[in-house]
>>> print(open('run31.pdb').read())   # PDB, C-alpha atoms and all ligand atoms
ATOM      1  CA  MET A   1      56.176  57.035  -4.714  1.00  0.00           C
ATOM      2  CA  LEU A   2      53.012  56.790  -2.660  1.00  0.00           C
ATOM      3  CA  ASP A   3      51.139  53.598  -3.440  1.00  0.00           C
ATOM      4  CA  LYS A   4      48.004  51.950  -2.160  1.00  0.00           C
ATOM      5  CA  SER A   5      49.836  49.771   0.365  1.00  0.00           C
ATOM      6  CA  HIS A   6      51.195  52.918   2.077  1.00  0.00           C
ATOM      7  CA  VAL A   7      47.699  54.350   2.169  1.00  0.00           C
ATOM      8  CA  HIS A   8      46.236  51.076   3.438  1.00  0.00           C
ATOM      9  CA  THR A   9      48.764  51.023   6.277  1.00  0.00           C
ATOM     10  CA  MET A  10      48.092  54.652   7.147  1.00  0.00           C
ATOM     11  CA  VAL A  11      44.306  54.325   7.125  1.00  0.00           C
ATOM     12  CA  SER A  12      44.386  51.009   8.961  1.00  0.00           C
ATOM     13  CA  LYS A  13      46.473  52.593  11.719  1.00  0.00           C
ATOM     14  CA  VAL A  14      43.879  55.319  12.277  1.00  0.00           C
ATOM     15  CA  TRP A  15      40.952  52.910  12.056  1.00  0.00           C
ATOM     16  CA  ASN A  16      42.497  50.766  14.778  1.00  0.00           C
ATOM     17  CA  ASP A  17      43.762  53.518  17.085  1.00  0.00           C
ATOM     18  CA  GLU A  18      42.479  54.329  20.562  1.00  0.00           C
ATOM     19  CA  GLU A  19      40.236  57.144  19.336  1.00  0.00           C
ATOM     20  CA  THR A  20      38.469  54.878  16.870  1.00  0.00           C
ATOM     21  CA  LYS A  21      38.144  52.192  19.545  1.00  0.00           C
ATOM     22  CA  SER A  22      36.497  54.819  21.768  1.00  0.00           C
ATOM     23  CA  PHE A  23      34.129  55.702  18.937  1.00  0.00           C
ATOM     24  CA  VAL A  24      33.170  52.016  18.546  1.00  0.00           C
ATOM     25  CA  THR A  25      32.664  51.661  22.300  1.00  0.00           C
ATOM     26  CA  ARG A  26      30.420  54.762  22.342  1.00  0.00           C
ATOM     27  CA  GLU A  27      28.319  53.434  19.449  1.00  0.00           C
ATOM     28  CA  VAL A  28      27.984  50.043  21.121  1.00  0.00           C
ATOM     29  CA  ASN A  29      27.064  51.570  24.487  1.00  0.00           C
ATOM     30  CA  THR A  30      24.427  53.847  22.997  1.00  0.00           C
ATOM     31  CA  ALA A  31      22.815  51.036  20.965  1.00  0.00           C
ATOM     32  CA  ARG A  32      19.768  49.272  22.398  1.00  0.00           C
ATOM     33  CA  VAL A  33      20.888  46.442  24.656  1.00  0.00           C
ATOM     34  CA  GLU A  34      19.625  43.768  22.271  1.00  0.00           C
ATOM     35  CA  ASN A  35      21.546  45.363  19.385  1.00  0.00           C
ATOM     36  CA  ARG A  36      24.904  45.845  21.093  1.00  0.00           C
ATOM     37  CA  LYS A  37      26.455  42.607  19.910  1.00  0.00           C
ATOM     38  CA  SER A  38      25.436  43.148  16.282  1.00  0.00           C
ATOM     39  CA  THR A  39      26.523  46.801  16.462  1.00  0.00           C
ATOM     40  CA  GLU A  40      29.985  45.771  17.596  1.00  0.00           C
ATOM     41  CA  GLU A  41      30.205  42.999  14.992  1.00  0.00           C
ATOM     42  CA  THR A  42      29.091  45.321  12.219  1.00  0.00           C
ATOM     43  CA  LEU A  43      31.593  48.047  13.123  1.00  0.00           C
ATOM     44  CA  THR A  44      34.404  45.530  13.520  1.00  0.00           C
ATOM     45  CA  HIS A  45      33.608  44.032  10.132  1.00  0.00           C
ATOM     46  CA  LEU A  46      33.420  47.419   8.402  1.00  0.00           C
ATOM     47  CA  ILE A  47      36.771  48.455   9.866  1.00  0.00           C
ATOM     48  CA  LYS A  48      38.418  45.129   9.002  1.00  0.00           C
ATOM     49  CA  SER A  49      37.138  45.122   5.431  1.00  0.00           C
ATOM     50  CA  LEU A  50      39.178  48.213   4.508  1.00  0.00           C
ATOM     51  CA  THR A  51      40.185  48.174   0.848  1.00  0.00           C
ATOM     52  CA  VAL A  52      42.192  50.817  -0.981  1.00  0.00           C
ATOM     53  CA  THR A  53      42.400  51.497  -4.711  1.00  0.00           C
ATOM     54  CA  HIS A  54      44.540  54.019  -6.580  1.00  0.00           C
ATOM     55  CA  LEU A  55      43.012  56.465  -9.052  1.00  0.00           C
ATOM     56  CA  LYS A  56      45.228  57.844 -11.802  1.00  0.00           C
ATOM     57  CA  ILE A  57      44.082  61.452 -11.600  1.00  0.00           C
ATOM     58  CA  LYS A  58      46.051  64.194 -13.319  1.00  0.00           C
ATOM     59  CA  ASN A  59      46.286  67.851 -12.351  1.00  0.00           C
ATOM     60  CA  LYS A  60      46.210  70.853 -14.701  1.00  0.00           C
ATOM     61  CA  GLU A  61      49.845  70.273 -15.645  1.00  0.00           C
ATOM     62  CA  SER A  62      49.032  66.640 -16.513  1.00  0.00           C
ATOM     63  CA  ALA A  63      51.099  65.354 -13.603  1.00  0.00           C
ATOM     64  CA  LEU A  64      49.678  62.414 -11.718  1.00  0.00           C
ATOM     65  CA  THR A  65      48.363  63.445  -8.302  1.00  0.00           C
ATOM     66  CA  PRO A  66      47.807  60.821  -5.635  1.00  0.00           C
ATOM     67  CA  HIS A  67      44.123  59.947  -5.226  1.00  0.00           C
ATOM     68  CA  PHE A  68      42.966  56.842  -3.431  1.00  0.00           C
ATOM     69  CA  ASN A  69      39.542  55.380  -2.880  1.00  0.00           C
ATOM     70  CA  ILE A  70      38.824  53.867   0.511  1.00  0.00           C
ATOM     71  CA  TYR A  71      36.167  51.166   0.716  1.00  0.00           C
ATOM     72  CA  THR A  72      34.563  48.986   3.336  1.00  0.00           C
ATOM     73  CA  ASP A  73      32.246  46.037   2.830  1.00  0.00           C
ATOM     74  CA  ARG A  74      29.058  48.031   3.279  1.00  0.00           C
ATOM     75  CA  LYS A  75      26.892  45.240   1.836  1.00  0.00           C
ATOM     76  CA  SER A  76      27.177  43.460   5.146  1.00  0.00           C
ATOM     77  CA  THR A  77      25.083  46.007   7.011  1.00  0.00           C
ATOM     78  CA  THR A  78      21.578  47.305   6.657  1.00  0.00           C
ATOM     79  CA  GLU A  79      22.032  49.633   9.593  1.00  0.00           C
ATOM     80  CA  GLU A  80      22.081  52.926   7.732  1.00  0.00           C
ATOM     81  CA  GLU A  81      22.516  55.159  10.761  1.00  0.00           C
ATOM     82  CA  LEU A  82      25.431  53.147  12.115  1.00  0.00           C
ATOM     83  CA  TRP A  83      27.123  53.220   8.728  1.00  0.00           C
ATOM     84  CA  VAL A  84      26.613  56.984   8.371  1.00  0.00           C
ATOM     85  CA  ASN A  85      27.977  57.589  11.880  1.00  0.00           C
ATOM     86  CA  LEU A  86      31.057  55.490  11.169  1.00  0.00           C
ATOM     87  CA  ARG A  87      31.680  57.080   7.801  1.00  0.00           C
ATOM     88  CA  THR A  88      31.257  60.573   9.224  1.00  0.00           C
ATOM     89  CA  TYR A  89      33.594  59.789  12.106  1.00  0.00           C
ATOM     90  CA  LEU A  90      36.294  58.244   9.893  1.00  0.00           C
ATOM     91  CA  ALA A  91      36.096  61.135   7.434  1.00  0.00           C
ATOM     92  CA  THR A  92      36.953  63.600  10.211  1.00  0.00           C
ATOM     93  CA  CYS A  93      40.076  61.695  11.296  1.00  0.00           C
ATOM     94  CA  THR A  94      43.500  62.990  10.315  1.00  0.00           C
ATOM     95  CA  TYR A  95      45.476  60.774   7.938  1.00  0.00           C
ATOM     96  CA  THR A  96      49.183  61.509   7.873  1.00  0.00           C
ATOM     97  CA  LEU A  97      52.299  59.855   6.518  1.00  0.00           C
ATOM     98  CA  PRO A  98      55.725  61.033   7.687  1.00  0.00           C
ATOM     99  CA  LEU A  99      57.091  62.005   4.265  1.00  0.00           C
ATOM    100  CA  GLN A 100      53.801  62.663   2.521  1.00  0.00           C
ATOM    101  CA  GLY A 101      52.020  65.047   4.852  1.00  0.00           C
ATOM    102  CA  THR A 102      48.330  64.976   5.658  1.00  0.00           C
ATOM    103  CA  GLY A 103      45.773  63.637   3.217  1.00  0.00           C
ATOM    104  CA  LYS A 104      42.523  65.368   2.355  1.00  0.00           C
ATOM    105  CA  VAL A 105      39.362  63.358   2.869  1.00  0.00           C
ATOM    106  CA  ILE A 106      36.730  63.827   0.186  1.00  0.00           C
ATOM    107  CA  LYS A 107      33.449  61.920   0.399  1.00  0.00           C
ATOM    108  CA  ALA A 108      32.095  60.662  -2.945  1.00  0.00           C
ATOM    109  CA  PRO A 109      33.959  63.325  -4.959  1.00  0.00           C
ATOM    110  CA  PHE A 110      33.015  62.184  -8.452  1.00  0.00           C
ATOM    111  CA  ASN A 111      29.885  61.606 -10.458  1.00  0.00           C
ATOM    112  CA  CYS A 112      30.780  59.576 -13.507  1.00  0.00           C
ATOM    113  CA  GLY A 113      28.861  60.749 -16.556  1.00  0.00           C
ATOM    114  CA  ALA A 114      29.074  57.299 -18.146  1.00  0.00           C
ATOM    115  CA  CYS A 115      27.990  54.915 -15.369  1.00  0.00           C
ATOM    116  CA  HIS A 116      26.957  57.311 -12.532  1.00  0.00           C
ATOM    117  CA  GLY A 117      29.532  55.813 -10.176  1.00  0.00           C
ATOM    118  CA  VAL A 118      30.858  58.167  -7.492  1.00  0.00           C
ATOM    119  CA  ASP A 119      34.351  56.712  -7.099  1.00  0.00           C
ATOM    120  CA  HIS A 120      35.887  57.824 -10.397  1.00  0.00           C
ATOM    121  CA  PRO A 121      35.634  60.630 -12.951  1.00  0.00           C
ATOM    122  CA  ARG A 122      34.205  59.838 -16.372  1.00  0.00           C
ATOM    123  CA  GLY A 123      37.667  59.798 -17.906  1.00  0.00           C
ATOM    124  CA  LEU A 124      38.601  56.832 -15.720  1.00  0.00           C
ATOM    125  CA  CYS A 125      35.345  54.912 -16.119  1.00  0.00           C
ATOM    126  CA  PRO A 126      36.158  51.229 -16.629  1.00  0.00           C
ATOM    127  CA  PHE A 127      32.872  50.347 -18.314  1.00  0.00           C
ATOM    128  CA  PRO A 128      33.185  51.785 -21.860  1.00  0.00           C
ATOM    129  CA  GLY A 129      36.223  49.527 -22.319  1.00  0.00           C
ATOM    130  CA  ILE A 130      34.224  46.401 -21.521  1.00  0.00           C
ATOM    131  CA  LYS A 131      32.840  44.393 -24.417  1.00  0.00           C
ATOM    132  CA  GLY A 132      29.077  44.684 -24.585  1.00  0.00           C
ATOM    133  CA  TRP A 133      28.877  48.134 -22.927  1.00  0.00           C
ATOM    134  CA  ASN A 134      25.901  49.977 -24.405  1.00  0.00           C
ATOM    135  CA  GLY A 135      26.197  53.197 -22.409  1.00  0.00           C
ATOM    136  CA  PRO A 136      27.921  56.402 -23.450  1.00  0.00           C
ATOM    137  CA  THR A 137      31.563  56.417 -24.516  1.00  0.00           C
ATOM    138  CA  TYR A 138      33.874  59.366 -23.972  1.00  0.00           C
ATOM    139  CA  HIS A 139      37.027  61.231 -24.684  1.00  0.00           C
ATOM    140  CA  ALA A 140      38.695  61.950 -21.370  1.00  0.00           C
ATOM    141  CA  GLU A 141      39.864  65.391 -22.537  1.00  0.00           C
ATOM    142  CA  ASP A 142      36.259  66.485 -23.045  1.00  0.00           C
ATOM    143  CA  ASP A 143      35.331  65.989 -19.428  1.00  0.00           C
ATOM    144  CA  PRO A 144      36.153  68.914 -17.118  1.00  0.00           C
ATOM    145  CA  ARG A 145      36.109  66.582 -14.118  1.00  0.00           C
ATOM    146  CA  TYR A 146      38.905  64.464 -15.535  1.00  0.00           C
ATOM    147  CA  ARG A 147      41.564  66.726 -14.075  1.00  0.00           C
ATOM    148  CA  GLY A 148      40.097  66.484 -10.653  1.00  0.00           C
ATOM    149  CA  ARG A 149      38.277  69.806 -10.426  1.00  0.00           C
ATOM    150  CA  ASN A 150      34.816  70.460  -9.038  1.00  0.00           C
ATOM    151  CA  TYR A 151      35.193  68.312  -5.967  1.00  0.00           C
ATOM    152  CA  SER A 152      32.778  68.823  -3.164  1.00  0.00           C
ATOM    153  CA  ARG A 153      34.979  68.682  -0.139  1.00  0.00           C
ATOM    154  CA  ILE A 154      33.946  68.105   3.392  1.00  0.00           C
ATOM    155  CA  ALA A 155      35.396  70.159   6.242  1.00  0.00           C
TER     156      ALA A 155
HETATM  157 ZN    ZN B 201      31.936  55.277 -14.573  1.00  0.00          ZN
END
>>> encode(input="run31.pdb", output="structure tokens")
Amino acid sequence: MLDKSHVHTMVSKVWNDEETKSFVTREVNTARVENRKSTEETLTHLIKSLTVTHLKIKNKESALTPHFNIYTDRKSTTEEELWVNLRTYLATCTYTLPLQGTGKVIKAPFNCGACHGVDHPRGLCPFPGIKGWNGPTYHAEDDPRYRGRNYSRIA
């Protein structure tokens, strides 16, 4: 069974491969001279701060399908363009595991109707279960996005 540690290993491998190193070098070399050090530090930090979570998404037949969210510590950078370039680059990489095949990369595929988060469907929103939540509550079955449809895919 595919779990988040497999995915972390797979993603980490790509994020630290020669192609990604070349991407970082290109970004650093095209930055203004005075910004090169911070550009390199920012990219290194973003790559190192990789975090993976598992989403329990079901398909039409109610079988669990593997969905994982990939995060970096974006709070550490205010350099919007650098972040967008990195995210765009990493989203175009190929992520493969020997027995699992190639993963599909989907950028911000959800739009939670309860909290407006983009990393989970409404049916998996953690907030309505928290004491003191005053926002909308839900029944997962009522939400068409719960089964993982209506994604906007890149590529
Ligand atoms: Zn939510």
>>> closest_atom_pairs(input="run31.pdb", of="chain A", to="ligand ZN 201 (chain B)", cutoff="12 Å", atoms="all atoms listed in the file", output="tab-separated table")
residue	atom	partner	partner_atom	distance
A:Phe110	CA	B:ZN201	ZN	9.3
A:Asn111	CA	B:ZN201	ZN	7.8
A:Cys112	CA	B:ZN201	ZN	4.6
A:Gly113	CA	B:ZN201	ZN	6.6
A:Ala114	CA	B:ZN201	ZN	5.0
A:Cys115	CA	B:ZN201	ZN	4.0
A:His116	CA	B:ZN201	ZN	5.8
A:Gly117	CA	B:ZN201	ZN	5.0
A:Val118	CA	B:ZN201	ZN	7.7
A:Asp119	CA	B:ZN201	ZN	8.0
A:His120	CA	B:ZN201	ZN	6.3
A:Pro121	CA	B:ZN201	ZN	6.7
A:Arg122	CA	B:ZN201	ZN	5.4
A:Gly123	CA	B:ZN201	ZN	8.0
A:Leu124	CA	B:ZN201	ZN	6.9
A:Cys125	CA	B:ZN201	ZN	3.8
A:Pro126	CA	B:ZN201	ZN	6.2
A:Phe127	CA	B:ZN201	ZN	6.3
A:Pro128	CA	B:ZN201	ZN	8.2
A:Gly129	CA	B:ZN201	ZN	10.6
A:Ile130	CA	B:ZN201	ZN	11.5
A:Trp133	CA	B:ZN201	ZN	11.4
A:Gly135	CA	B:ZN201	ZN	9.9
A:Pro136	CA	B:ZN201	ZN	9.8
A:Thr137	CA	B:ZN201	ZN	10.0
A:Tyr138	CA	B:ZN201	ZN	10.4
A:Ala140	CA	B:ZN201	ZN	11.7
A:Tyr146	CA	B:ZN201	ZN	11.6
>>> atom_distance(input="run31.pdb", atom1="atom CA of A:Thr92", atom2="atom CA of A:Glu61")
29.7 Å
>>> atom_distance(input="run31.pdb", atom1="atom CA of A:Glu40", atom2="atom CA of A:Lys4")
27.4 Å
>>> axis_aligned_box(input="run31.pdb", around="stretch 4-19 of chain A", padding_each_side="6 Å", output="AutoDock Vina command-line options")
--center_x 45.7 --center_y 53.5 --center_z 9.2 --size_x 23.0 --size_y 19.4 --size_z 34.7
>>> atom_distance(input="run31.pdb", atom1="atom CA of A:His67", atom2="atom CA of A:Gln100")
12.7 Å
>>> closest_residue(input="run31.pdb", among="A:Lys58, A:Lys48, A:Arg87, A:Lys104", to="A:His8", atoms="all atoms listed in the file")
A:Lys48
>>> closest_residue(input="run31.pdb", among="A:Arg74, A:Lys13, A:Arg32, A:Lys21", to="A:Leu46", atoms="only C-alpha atoms")
A:Arg74
>>> closest_residue(input="run31.pdb", among="A:Leu82, A:Met1, A:Val11, A:Ile57", to="A:Ala31", atoms="only C-alpha atoms")
A:Leu82
>>> closest_residue(input="run31.pdb", among="A:Leu90, A:Leu50, A:Met10, A:Ile106", to="A:Tyr71", atoms="only C-alpha atoms")
A:Leu50
